[in-house]
>>> print(open('start24.cif').read())   # mmCIF, C-alpha atoms
data_start
#
loop_
_atom_site.label_atom_id
_atom_site.label_comp_id
_atom_site.auth_asym_id
_atom_site.auth_seq_id
_atom_site.Cartn_x
_atom_site.Cartn_y
_atom_site.Cartn_z
CA MET A 1 19.76 11.28 -15.52
CA LEU A 2 16.45 12.86 -14.55
CA TYR A 3 13.54 12.96 -16.97
CA HIS A 4 12.29 16.29 -18.32
CA CYS A 5 9.76 16.79 -21.05
CA GLY A 6 8.30 19.74 -22.86
CA GLY A 7 5.17 19.86 -24.96
CA VAL A 8 1.52 19.82 -23.98
CA LYS A 9 0.89 19.23 -20.31
CA MET A 10 -1.65 16.70 -19.05
CA ASN A 11 -4.24 16.54 -16.31
CA VAL A 12 -3.97 13.68 -13.81
CA LEU A 13 -6.84 12.16 -11.85
CA VAL A 14 -5.84 10.32 -8.65
CA LEU A 15 -8.47 7.96 -7.25
CA GLY A 16 -8.59 7.60 -3.47
CA SER A 17 -8.61 9.56 -0.25
CA GLY A 18 -5.69 8.27 1.79
CA ALA A 19 -2.13 9.36 2.51
CA ARG A 20 -0.95 7.06 -0.30
CA GLU A 21 -3.05 9.03 -2.78
CA HIS A 22 -1.90 12.35 -1.30
CA ALA A 23 1.71 11.22 -1.82
CA ILE A 24 1.01 10.10 -5.41
CA GLY A 25 -0.63 13.43 -6.23
CA TRP A 26 2.19 15.38 -4.59
CA LYS A 27 4.75 13.47 -6.63
CA VAL A 28 3.05 13.75 -10.03
CA ALA A 29 2.28 17.44 -9.46
CA ASN A 30 6.05 18.01 -9.57
CA SER A 31 6.27 16.54 -13.07
CA SER A 32 7.09 18.88 -15.94
CA LYS A 33 4.39 17.05 -17.93
CA VAL A 34 1.50 17.70 -15.51
CA GLU A 35 -0.81 20.71 -15.68
CA LYS A 36 -3.37 19.92 -12.96
CA VAL A 37 -4.03 17.17 -10.41
CA PHE A 38 -7.56 16.16 -9.42
CA PHE A 39 -8.50 13.88 -6.53
CA ALA A 40 -11.59 11.72 -6.25
CA PRO A 41 -12.54 12.14 -3.53
CA GLY A 42 -9.32 13.40 -1.85
CA ASN A 43 -9.09 14.65 1.75
CA GLY A 44 -8.47 17.74 3.83
CA GLY A 45 -4.77 17.77 3.03
CA THR A 46 -5.18 17.55 -0.73
CA ARG A 47 -7.65 20.45 -0.54
CA LEU A 48 -5.28 22.56 1.55
CA ALA A 49 -2.42 21.84 -0.86
CA GLY A 50 -4.37 23.52 -3.66
CA TYR A 51 -5.43 20.43 -5.58
CA GLU A 52 -9.05 20.05 -6.66
CA ASN A 53 -11.10 17.51 -4.72
CA LEU A 54 -14.05 16.12 -6.66
CA GLY A 55 -17.32 15.15 -5.04
CA ILE A 56 -17.11 11.73 -6.64
CA GLY A 57 -16.61 8.47 -4.76
CA ILE A 58 -14.27 5.71 -5.92
CA LYS A 59 -17.22 3.39 -6.65
CA GLU A 60 -18.96 5.90 -8.95
CA HIS A 61 -17.23 4.62 -12.05
CA ASP A 62 -19.57 6.18 -14.61
CA ARG A 63 -19.16 9.66 -13.08
CA LEU A 64 -15.40 9.19 -12.88
CA LEU A 65 -15.34 8.10 -16.50
CA ARG A 66 -17.27 11.16 -17.62
CA PHE A 67 -14.98 13.51 -15.69
CA ALA A 68 -11.81 11.88 -17.01
CA MET A 69 -13.12 12.11 -20.57
CA GLU A 70 -14.22 15.73 -20.25
CA HIS A 71 -10.90 16.82 -18.72
CA GLU A 72 -8.69 14.47 -20.77
CA CYS A 73 -7.12 12.97 -17.64
CA LEU A 74 -4.54 10.29 -17.23
CA THR A 75 -5.82 8.33 -14.22
CA ILE A 76 -3.84 6.65 -11.44
CA VAL A 77 -5.77 4.29 -9.17
CA GLY A 78 -4.73 4.29 -5.52
CA PRO A 79 -6.88 1.75 -3.62
CA GLU A 80 -7.69 -1.84 -4.52
CA GLU A 81 -11.48 -1.69 -4.63
CA PRO A 82 -11.91 0.16 -7.96
CA LEU A 83 -9.38 -2.20 -9.53
CA ALA A 84 -11.29 -5.24 -8.30
CA MET A 85 -14.50 -3.71 -9.68
CA GLY A 86 -12.95 -3.34 -13.16
CA ILE A 87 -12.43 0.40 -13.50
CA VAL A 88 -9.34 -0.12 -15.67
CA ASP A 89 -11.30 -2.24 -18.13
CA LEU A 90 -14.02 0.46 -18.26
CA PHE A 91 -11.63 3.36 -18.83
CA LYS A 92 -9.50 1.54 -21.40
CA GLY A 93 -12.63 0.41 -23.22
CA ASN A 94 -13.47 4.09 -23.63
CA GLY A 95 -10.04 5.05 -24.93
CA LEU A 96 -8.70 6.59 -21.69
CA ARG A 97 -5.20 6.26 -20.30
CA ILE A 98 -5.23 4.68 -16.85
CA LEU A 99 -2.59 2.93 -14.76
CA GLY A 100 -3.67 -0.26 -13.05
CA PRO A 101 -4.30 -3.95 -13.71
CA SER A 102 -7.39 -5.38 -15.35
CA ARG A 103 -10.18 -6.84 -13.23
CA ASP A 104 -8.89 -10.34 -13.95
CA ALA A 105 -5.36 -9.43 -12.85
CA ALA A 106 -6.69 -7.69 -9.73
CA ARG A 107 -7.78 -11.10 -8.45
CA LEU A 108 -4.22 -11.44 -7.19
CA GLU A 109 -5.43 -9.20 -4.36
CA SER A 110 -9.22 -9.47 -4.43
CA SER A 111 -9.21 -13.26 -3.91
CA LYS A 112 -6.73 -14.94 -1.58
CA VAL A 113 -7.90 -18.29 -2.94
CA TRP A 114 -7.25 -17.29 -6.56
CA ALA A 115 -3.84 -15.88 -5.65
CA LYS A 116 -2.73 -18.97 -3.75
CA GLU A 117 -3.82 -21.27 -6.55
CA PHE A 118 -2.08 -19.01 -9.07
CA MET A 119 1.17 -19.16 -7.09
CA LYS A 120 0.98 -22.93 -6.77
CA ARG A 121 0.31 -23.30 -10.49
CA HIS A 122 3.30 -21.15 -11.48
CA GLY A 123 5.83 -22.33 -8.89
CA ILE A 124 5.96 -19.09 -6.91
CA PRO A 125 7.12 -19.83 -3.35
CA THR A 126 4.36 -19.44 -0.76
CA ALA A 127 3.21 -21.20 2.42
CA GLU A 128 1.24 -24.47 2.23
CA PHE A 129 -2.52 -23.89 2.37
CA LYS A 130 -6.03 -25.34 2.33
CA VAL A 131 -9.26 -23.66 1.16
CA PHE A 132 -12.59 -24.00 2.98
CA ASP A 133 -16.12 -22.73 2.37
CA GLU A 134 -17.65 -24.27 5.51
CA PRO A 135 -16.57 -23.24 9.03
CA GLU A 136 -16.99 -26.69 10.60
CA ALA A 137 -14.80 -28.32 7.96
CA ALA A 138 -12.12 -25.70 8.60
CA LYS A 139 -12.25 -26.24 12.36
CA ASP A 140 -12.12 -30.01 11.91
CA TYR A 141 -8.95 -29.58 9.84
CA ILE A 142 -7.45 -27.37 12.55
CA ALA A 143 -8.32 -29.96 15.22
CA ARG A 144 -6.55 -32.72 13.27
CA SER A 145 -3.49 -30.62 12.50
CA LYS A 146 -0.25 -31.44 14.32
CA ARG A 147 0.55 -27.73 14.62
CA ASP A 148 -1.19 -25.20 16.82
CA ASP A 149 -0.10 -22.15 14.84
CA VAL A 150 -1.96 -21.25 11.66
CA VAL A 151 -2.88 -18.17 9.64
CA VAL A 152 -6.58 -17.67 8.84
CA LYS A 153 -7.36 -15.45 5.84
CA ALA A 154 -10.65 -14.18 4.49
CA ASP A 155 -10.77 -14.77 0.74
CA GLY A 156 -11.96 -11.33 -0.33
CA LEU A 157 -10.98 -7.72 0.26
CA ALA A 158 -11.07 -6.65 3.90
CA ALA A 159 -9.19 -3.32 3.99
CA GLY A 160 -5.96 -5.01 5.03
CA LYS A 161 -7.54 -6.54 8.14
CA GLY A 162 -8.73 -9.95 6.88
CA VAL A 163 -5.71 -11.90 8.14
CA VAL A 164 -5.55 -13.44 11.62
CA VAL A 165 -2.23 -14.88 12.77
CA CYS A 166 -2.95 -17.55 15.39
CA SER A 167 -0.70 -19.16 18.00
CA SER A 168 -3.16 -21.78 19.28
CA LYS A 169 -6.02 -23.91 18.03
CA ALA A 170 -8.44 -21.91 20.18
CA GLU A 171 -7.38 -18.68 18.45
CA ALA A 172 -7.78 -20.38 15.07
CA TYR A 173 -11.30 -21.62 15.92
CA ASN A 174 -12.27 -18.10 17.00
CA ALA A 175 -10.82 -16.62 13.80
CA VAL A 176 -12.83 -19.04 11.65
CA ASP A 177 -16.04 -18.18 13.50
CA MET A 178 -15.33 -14.45 13.38
CA ILE A 179 -14.83 -14.51 9.61
CA MET A 180 -17.34 -17.16 8.49
CA LYS A 181 -20.08 -17.04 11.14
CA ASP A 182 -19.96 -13.52 12.59
CA ARG A 183 -19.24 -12.17 9.10
CA VAL A 184 -17.08 -9.33 10.36
CA PHE A 185 -15.72 -8.90 6.83
CA GLY A 186 -19.03 -9.53 5.09
CA ASP A 187 -18.93 -11.49 1.84
CA ALA A 188 -15.13 -11.43 1.91
CA GLY A 189 -15.47 -14.28 4.41
CA ASN A 190 -17.52 -16.62 2.21
CA ARG A 191 -14.35 -18.68 1.84
CA ILE A 192 -11.19 -18.80 3.90
CA VAL A 193 -7.62 -19.91 3.45
CA LEU A 194 -5.89 -21.80 6.25
CA GLU A 195 -2.19 -21.23 5.74
CA GLU A 196 0.99 -22.58 7.28
CA ARG A 197 2.49 -19.96 9.58
CA LEU A 198 5.98 -18.94 8.49
CA TYR A 199 8.64 -17.45 10.75
CA GLY A 200 11.28 -15.00 9.60
CA GLU A 201 11.60 -11.36 8.55
CA GLU A 202 8.53 -9.82 6.92
CA VAL A 203 9.31 -7.31 4.14
CA SER A 204 7.57 -5.32 1.41
CA PHE A 205 8.66 -5.44 -2.23
CA ILE A 206 7.04 -3.32 -4.95
CA CYS A 207 7.59 -3.17 -8.72
CA MET A 208 6.09 -1.43 -11.73
CA SER A 209 5.22 -3.54 -14.76
CA ASP A 210 3.96 -2.99 -18.29
CA GLY A 211 2.84 -6.63 -18.51
CA LYS A 212 6.23 -7.89 -19.64
CA ARG A 213 9.11 -6.03 -18.03
CA ILE A 214 9.31 -5.11 -14.37
CA ILE A 215 11.19 -2.27 -12.67
CA PRO A 216 11.71 -2.47 -8.90
CA LEU A 217 10.95 0.47 -6.65
CA ALA A 218 13.09 1.22 -3.62
CA THR A 219 12.80 -1.41 -0.91
CA SER A 220 10.68 -0.64 2.13
CA GLN A 221 9.21 -2.10 5.29
CA ASP A 222 5.67 -1.76 6.62
CA HIS A 223 4.53 -2.10 10.26
CA LYS A 224 1.06 -3.65 10.26
CA ARG A 225 0.37 -4.30 13.96
CA VAL A 226 -1.22 -1.43 15.82
CA TYR A 227 1.06 -1.44 18.90
CA ASP A 228 4.80 -1.34 19.56
CA ASN A 229 6.82 -4.55 19.28
CA ASP A 230 4.38 -5.84 16.63
CA GLU A 231 1.60 -6.44 19.13
CA GLY A 232 -2.15 -6.05 18.72
CA PRO A 233 -4.38 -6.53 15.68
CA ASN A 234 -3.39 -5.92 12.07
CA THR A 235 -4.06 -2.50 10.56
CA GLY A 236 -3.67 -0.94 7.15
CA GLY A 237 -0.16 0.08 8.26
CA MET A 238 1.17 2.15 11.17
CA GLY A 239 4.48 3.24 9.68
CA ALA A 240 7.25 2.38 7.25
CA TYR A 241 10.85 3.03 6.27
CA SER A 242 12.94 2.91 3.10
CA PRO A 243 15.33 1.44 2.15
CA ASN A 244 15.06 -1.91 3.92
CA PRO A 245 18.60 -2.99 4.89
CA ILE A 246 17.53 -6.61 5.36
CA ILE A 247 17.14 -7.01 1.58
CA ASP A 248 20.71 -7.20 0.29
CA GLY A 249 21.72 -7.41 -3.35
CA LYS A 250 21.61 -11.20 -3.48
CA MET A 251 18.14 -11.39 -1.93
CA HIS A 252 16.90 -8.57 -4.17
CA GLU A 253 17.98 -10.49 -7.26
CA TRP A 254 16.39 -13.71 -5.92
CA ILE A 255 13.05 -12.00 -5.30
CA MET A 256 13.03 -10.36 -8.73
CA ARG A 257 13.77 -13.64 -10.50
CA ASN A 258 11.74 -16.15 -8.46
CA ILE A 259 8.73 -14.08 -7.42
CA MET A 260 8.11 -10.81 -9.25
CA GLN A 261 9.08 -11.88 -12.78
CA LYS A 262 7.42 -15.27 -12.31
CA ALA A 263 4.19 -13.53 -11.32
CA ILE A 264 4.17 -11.27 -14.39
CA ASP A 265 5.16 -14.14 -16.68
CA GLY A 266 2.50 -16.37 -15.12
CA LEU A 267 -0.23 -13.78 -15.65
CA ARG A 268 0.80 -13.27 -19.26
CA HIS A 269 0.88 -17.05 -19.77
CA ASP A 270 -2.69 -17.22 -18.44
CA GLY A 271 -3.79 -14.49 -20.84
CA VAL A 272 -4.21 -11.90 -18.08
CA GLU A 273 -2.93 -8.35 -18.62
CA PHE A 274 -1.13 -6.67 -15.74
CA LYS A 275 -0.01 -3.06 -16.01
CA GLY A 276 0.69 -1.11 -12.86
CA PHE A 277 2.18 -1.61 -9.40
CA LEU A 278 2.70 -5.14 -8.12
CA TYR A 279 3.27 -5.41 -4.36
CA ALA A 280 4.51 -8.57 -2.66
CA GLY A 281 4.35 -8.96 1.09
CA LEU A 282 7.14 -11.45 1.76
CA MET A 283 8.55 -13.55 4.57
CA LEU A 284 12.31 -14.05 4.38
CA VAL A 285 13.22 -17.52 5.63
CA GLY A 286 16.91 -18.34 5.34
CA ASP A 287 18.10 -17.56 1.82
CA LYS A 288 14.59 -17.66 0.31
CA ALA A 289 11.47 -15.53 0.31
CA TYR A 290 7.85 -16.68 0.46
CA VAL A 291 4.83 -14.68 -0.65
CA LEU A 292 2.41 -13.87 2.16
CA GLU A 293 0.20 -11.77 -0.10
CA PHE A 294 0.09 -9.95 -3.40
CA ASN A 295 -1.40 -6.48 -3.77
CA VAL A 296 -2.06 -4.91 -7.13
CA ARG A 297 -1.34 -1.30 -6.18
CA LEU A 298 1.12 0.72 -4.16
CA GLY A 299 1.26 -0.08 -0.46
CA ASP A 300 0.20 2.34 2.25
CA PRO A 301 2.31 3.56 4.10
CA GLU A 302 5.17 2.28 1.93
CA THR A 303 4.28 4.84 -0.75
CA GLN A 304 4.90 7.66 1.72
CA VAL A 305 8.56 6.64 2.14
CA ILE A 306 9.27 5.44 -1.41
CA LEU A 307 8.05 8.42 -3.44
CA PRO A 308 9.94 11.08 -1.41
CA ARG A 309 13.14 9.16 -2.28
CA LEU A 310 12.33 8.93 -6.00
CA ARG A 311 14.24 11.67 -7.84
CA SER A 312 12.96 10.58 -11.26
CA ASP A 313 9.68 11.72 -12.80
CA LEU A 314 6.98 9.24 -11.77
CA ILE A 315 4.77 10.17 -14.73
CA TYR A 316 7.57 9.06 -17.10
CA TYR A 317 7.28 5.50 -15.76
CA VAL A 318 3.49 5.63 -15.55
CA GLU A 319 3.32 6.39 -19.25
CA HIS A 320 5.82 3.67 -20.14
CA CYS A 321 3.75 1.16 -18.16
CA ILE A 322 0.54 2.15 -19.92
CA ASP A 323 2.22 2.07 -23.34
CA GLY A 324 3.98 -1.26 -22.73
CA THR A 325 7.42 0.28 -23.30
CA LEU A 326 9.24 -0.15 -19.98
CA ASP A 327 12.06 -1.83 -21.91
CA GLN A 328 12.83 1.65 -23.28
CA ALA A 329 12.74 3.39 -19.90
CA GLU A 330 15.81 4.67 -18.09
CA ASP A 331 16.70 3.35 -14.65
CA MET A 332 15.09 5.11 -11.72
CA VAL A 333 17.21 7.56 -9.74
CA TRP A 334 16.93 7.40 -5.95
CA ASP A 335 17.82 9.74 -3.11
CA GLU A 336 20.41 7.96 -0.98
CA ARG A 337 18.86 9.22 2.25
CA VAL A 338 16.64 7.13 4.53
CA ALA A 339 12.93 7.92 4.83
CA VAL A 340 10.83 7.02 7.87
CA CYS A 341 7.04 7.43 8.16
CA VAL A 342 4.94 7.37 11.33
CA VAL A 343 1.15 7.06 10.98
CA LEU A 344 -0.96 9.00 13.48
CA ALA A 345 -4.29 7.31 14.19
CA SER A 346 -7.59 8.08 15.90
CA LYS A 347 -8.55 6.68 19.28
CA GLY A 348 -10.02 3.20 18.83
CA TYR A 349 -8.39 2.41 15.48
CA PRO A 350 -8.29 -0.25 13.98
CA ASN A 351 -11.71 -0.89 15.51
CA ALA A 352 -14.46 1.73 15.94
CA TYR A 353 -12.76 5.11 16.15
CA GLU A 354 -13.57 8.70 17.01
CA THR A 355 -13.77 11.51 14.44
CA GLY A 356 -14.24 15.27 14.46
CA LYS A 357 -11.25 15.99 16.71
CA VAL A 358 -9.43 19.27 16.01
CA ILE A 359 -5.83 18.76 14.85
CA THR A 360 -3.26 21.26 16.11
CA GLY A 361 0.41 21.82 15.34
CA LEU A 362 0.37 21.40 11.56
CA ASP A 363 1.00 25.08 10.85
CA ASP A 364 3.90 25.06 13.29
CA LEU A 365 5.27 21.91 11.68
CA ASN A 366 5.04 23.31 8.16
CA SER A 367 6.69 26.60 9.10
CA MET A 368 9.58 24.94 10.93
CA TYR A 369 10.32 22.31 8.28
CA SER A 370 10.29 23.94 4.88
CA ASN A 371 13.47 22.37 3.48
CA GLY A 372 11.84 19.19 2.14
CA ASP A 373 13.28 16.94 4.85
CA HIS A 374 9.82 16.61 6.43
CA LEU A 375 6.53 15.87 4.70
CA VAL A 376 2.95 15.50 5.92
CA PHE A 377 0.51 13.38 3.93
CA HIS A 378 -3.13 13.49 4.97
CA ALA A 379 -5.51 10.51 5.09
CA GLY A 380 -8.51 10.79 7.41
CA THR A 381 -8.85 14.58 7.57
CA LYS A 382 -11.32 17.21 6.47
CA VAL A 383 -11.51 21.00 6.59
CA THR A 384 -14.45 22.52 8.44
CA ASP A 385 -16.40 25.54 7.23
CA ASP A 386 -14.44 27.74 9.63
CA GLY A 387 -11.10 26.47 8.30
CA ARG A 388 -10.12 24.04 11.04
CA ILE A 389 -8.57 20.66 10.21
CA VAL A 390 -10.34 17.78 11.99
CA THR A 391 -10.00 14.02 12.04
CA ASP A 392 -12.23 12.08 9.67
CA GLY A 393 -10.86 8.56 9.65
CA GLY A 394 -8.92 5.85 11.46
CA ARG A 395 -5.48 6.59 10.05
CA VAL A 396 -5.31 10.37 9.99
CA LEU A 397 -1.83 11.61 9.05
CA SER A 398 1.48 10.23 7.79
CA ILE A 399 4.48 12.18 9.05
CA VAL A 400 7.64 11.53 6.99
CA ALA A 401 11.26 12.56 7.57
CA LEU A 402 14.41 11.99 5.55
CA GLY A 403 17.81 11.66 7.16
CA SER A 404 21.37 10.75 6.26
CA ASP A 405 20.93 7.41 8.04
CA MET A 406 18.25 5.43 9.86
CA LYS A 407 19.06 6.92 13.26
CA GLU A 408 18.78 10.50 12.05
CA ALA A 409 15.57 9.83 10.11
CA ILE A 410 13.95 8.23 13.17
CA GLU A 411 14.96 11.15 15.42
CA LYS A 412 13.68 13.70 12.92
CA VAL A 413 10.33 12.03 12.31
CA TYR A 414 9.49 11.68 16.01
CA SER A 415 10.56 15.26 16.66
CA ALA A 416 7.99 16.28 14.05
CA VAL A 417 5.32 13.91 15.41
CA ASN A 418 5.63 15.52 18.82
CA ARG A 419 4.43 18.84 17.37
CA VAL A 420 1.06 17.45 16.23
CA HIS A 421 -1.84 16.73 18.55
CA TRP A 422 -5.53 15.91 18.79
CA GLU A 423 -7.57 14.27 21.50
CA GLY A 424 -7.05 10.49 21.49
CA MET A 425 -4.19 10.49 18.94
CA HIS A 426 -2.04 7.38 19.07
CA TYR A 427 0.91 6.02 17.12
CA ARG A 428 3.71 3.49 17.33
CA ARG A 429 6.92 4.66 18.92
CA ASP A 430 9.19 1.98 17.45
CA ILE A 431 9.01 2.59 13.71
CA GLY A 432 12.41 1.84 12.19
CA LYS A 433 13.93 0.42 15.37
CA ARG A 434 14.11 -3.11 13.96
CA ALA A 435 16.18 -1.85 11.03
CA LEU A 436 18.37 0.15 13.40
CA ARG A 437 19.08 -2.96 15.48
CA TYR A 438 19.87 -4.93 12.34
CA LEU A 439 22.30 -2.26 11.13
CA LEU A 440 24.03 -2.07 14.51
CA ASN A 441 24.41 -5.85 14.85
CA ARG A 442 25.38 -6.92 11.35
#
>>> encode(input="start24.cif", output="structure tokens")
Amino acid sequence: MLYHCGGVKMNVLVLGSGAREHAIGWKVANSSKVEKVFFAPGNGGTRLAGYENLGIGIKEHDRLLRFAMEHECLTIVGPEEPLAMGIVDLFKGNGLRILGPSRDAARLESSKVWAKEFMKRHGIPTAEFKVFDEPEAAKDYIARSKRDDVVVKADGLAAGKGVVVCSSKAEAYNAVDMIMKDRVFGDAGNRIVLEERLYGEEVSFICMSDGKRIIPLATSQDHKRVYDNDEGPNTGGMGAYSPNPIIDGKMHEWIMRNIMQKAIDGLRHDGVEFKGFLYAGLMLVGDKAYVLEFNVRLGDPETQVILPRLRSDLIYYVEHCIDGTLDQAEDMVWDERVAVCVVLASKGYPNAYETGKVITGLDDLNSMYSNGDHLVFHAGTKVTDDGRIVTDGGRVLSIVALGSDMKEAIEKVYSAVNRVHWEGMHYRRDIGKRALRYLLNR
């Protein structure tokens, strides 16, 4: 049963400028309860779609507060930084409706050290770890370790790039120096976590919670490495697909019981309020799952494949989360089709990248695919004074296609990708292929 509601319509403010935020705004704009969608700051695609981009940055909390109060907005926070800075506490303290965890709860993402200690305290399965605030002590521990493989993590927020997976002691030494001495992630590298490297299938798992109950979203899979075959450095995400066939019913139930519910229960036990999206990056090892990381918001690019499959009204669940009434909410209704997303990036990404390149092919793409099977979500784009769309970030566009099965969705998304171009554009050509192999071999 789909949700429909009459009555007074609301304004929604979406914080962020990426493809995730574009997808959130696109989804809530289709709600029967929503009058207008604002973006702060938004991007070229949200402007072209007819939404209103505000000239307010995500760190300008006082200005955002004033706007939300003046326009009586319900606010949805996209990226992690405003959450870590306490924007939810500020808005709620002023009587505004906002979806997202408190500053204390956001430590699940903003501090790897806090998150690991939280998981250990509440019996949530995760890899063994040690915490260091001095580089030489960390390197001495690596030298004495019997294993050469280790994962080095910056404690603080690093735009999804603060994790270095090492296969040798030399790589681990270099990672420690890069984070703690060279300060490539700034103050996020004041402390580090040295973590046991796990081997298995890495998956994404996202829920909504009102602080007590949790509702799972459709399963999905991110692709973090920049190059095909999971090679190269980590990025914010180069593509995704949904559903994830590796997570069967038994594993889904295990994750819900032993990880997601334990996390919400543990936060409530500690007196910490969590309302919003809880993301777990997991490693499946045998018949168990281990938490690699928690995020306290929707994943990007997972959002771009999950929301197109959601047939229910997202605002319905947003309001239930804010009001603490998810126990009264109906089950979500999902499109049975498969969604695949390919992220198109600028030359140089995830390191220093070029901007200002003219993007061609979008008009052709939009005119050819008007049946809803293809979607384009903008991230690093802007519109010039003469109306051209140019690149303005590392990850520029998310191209999404839905198909009756994984094979069809993959074929459709790459057919669409081939119609878009700018100088230096690059993308992975193997998004979804791991799932396809799994489906063919099971």
>>> resolve_selection(input="start24.cif", expression="the PyMOL selection byres ((chain A and resi 47-49) around 12)", output="PyMOL selection string")
chain A and resi 17+22-23+25-26+29+37-46+50-55+362-363+366+376-379+381-384+387-389
>>> closest_residue(input="start24.cif", among="A:Leu365, A:Val34, A:Lys169, A:Arg268", to="A:His122", atoms="only C-alpha atoms")
A:Arg268
>>> resolve_selection(input="start24.cif", expression="the PyMOL selection byres ((chain A and resi 311-320) around 6)", output="short mmCIF file (atom, residue, chain, number, x, y, z; two decimals) with C-alpha atoms, in the coordinates of the input")
data_model
loop_
_atom_site.label_atom_id
_atom_site.label_comp_id
_atom_site.auth_asym_id
_atom_site.auth_seq_id
_atom_site.Cartn_x
_atom_site.Cartn_y
_atom_site.Cartn_z
CA LEU A 2 16.45 12.86 -14.55
CA TYR A 3 13.54 12.96 -16.97
CA SER A 31 6.27 16.54 -13.07
CA LEU A 310 12.33 8.93 -6.00
CA CYS A 321 3.75 1.16 -18.16
CA ILE A 322 0.54 2.15 -19.92
CA ASP A 323 2.22 2.07 -23.34
CA GLY A 324 3.98 -1.26 -22.73
CA THR A 325 7.42 0.28 -23.30
CA LEU A 326 9.24 -0.15 -19.98
CA MET A 332 15.09 5.11 -11.72
CA VAL A 333 17.21 7.56 -9.74
CA TRP A 334 16.93 7.40 -5.95
#
>>> resolve_selection(input="start24.cif", expression="the PyMOL selection byres ((chain A and resi 82) around 10)", output="list in words")
Leu15, Gly16, Ile58, Lys59, Glu60, His61, Val77, Gly78, Pro79, Glu80, Glu81, Leu83, Ala84, Met85, Gly86, Ile87, Val88, Gly100, Arg103 and Ala106 of chain A
>>> atom_distance(input="start24.cif", atom1="atom CA of A:His252", atom2="atom CA of A:Val113")
26.7 Å
>>> decode(input="start24.cif", residues="stretch 128-143 of chain A", atoms="N, CA and C atoms", output="compact mmCIF listing (two decimals), in the first residue's frame")
# COMPACT_ATOMS: atom_id res chain seq x y z
N GLU A 128 39.51 -6.63 15.24
CA GLU A 128 40.36 -6.24 16.37
C GLU A 128 41.11 -4.96 16.00
N PHE A 129 41.42 -4.13 17.03
CA PHE A 129 42.01 -2.84 16.72
C PHE A 129 42.86 -2.32 17.88
N LYS A 130 43.72 -1.36 17.56
CA LYS A 130 44.51 -0.61 18.53
C LYS A 130 44.45 0.87 18.14
N VAL A 131 44.48 1.75 19.13
CA VAL A 131 44.42 3.19 18.92
C VAL A 131 45.76 3.82 19.27
N PHE A 132 46.22 4.76 18.42
CA PHE A 132 47.50 5.42 18.65
C PHE A 132 47.37 6.92 18.40
N ASP A 133 48.09 7.70 19.22
CA ASP A 133 48.16 9.14 19.00
C ASP A 133 49.58 9.61 18.73
N GLU A 134 50.52 8.66 18.58
CA GLU A 134 51.90 8.96 18.22
C GLU A 134 52.33 8.06 17.07
N PRO A 135 52.89 8.62 16.00
CA PRO A 135 53.24 7.79 14.83
C PRO A 135 54.29 6.73 15.13
N GLU A 136 55.28 7.05 15.95
CA GLU A 136 56.34 6.08 16.20
C GLU A 136 55.82 4.88 16.98
N ALA A 137 54.90 5.12 17.91
CA ALA A 137 54.31 4.01 18.65
C ALA A 137 53.51 3.11 17.72
N ALA A 138 52.80 3.72 16.78
CA ALA A 138 52.03 2.93 15.81
C ALA A 138 52.95 2.09 14.94
N LYS A 139 54.04 2.68 14.47
CA LYS A 139 54.96 1.94 13.60
C LYS A 139 55.69 0.85 14.37
N ASP A 140 55.97 1.08 15.65
CA ASP A 140 56.58 0.05 16.47
C ASP A 140 55.64 -1.14 16.63
N TYR A 141 54.35 -0.86 16.79
CA TYR A 141 53.36 -1.93 16.89
C TYR A 141 53.29 -2.73 15.59
N ILE A 142 53.32 -2.02 14.46
CA ILE A 142 53.31 -2.69 13.16
C ILE A 142 54.54 -3.58 13.01
N ALA A 143 55.69 -3.09 13.41
CA ALA A 143 56.94 -3.84 13.29
C ALA A 143 56.89 -5.14 14.09
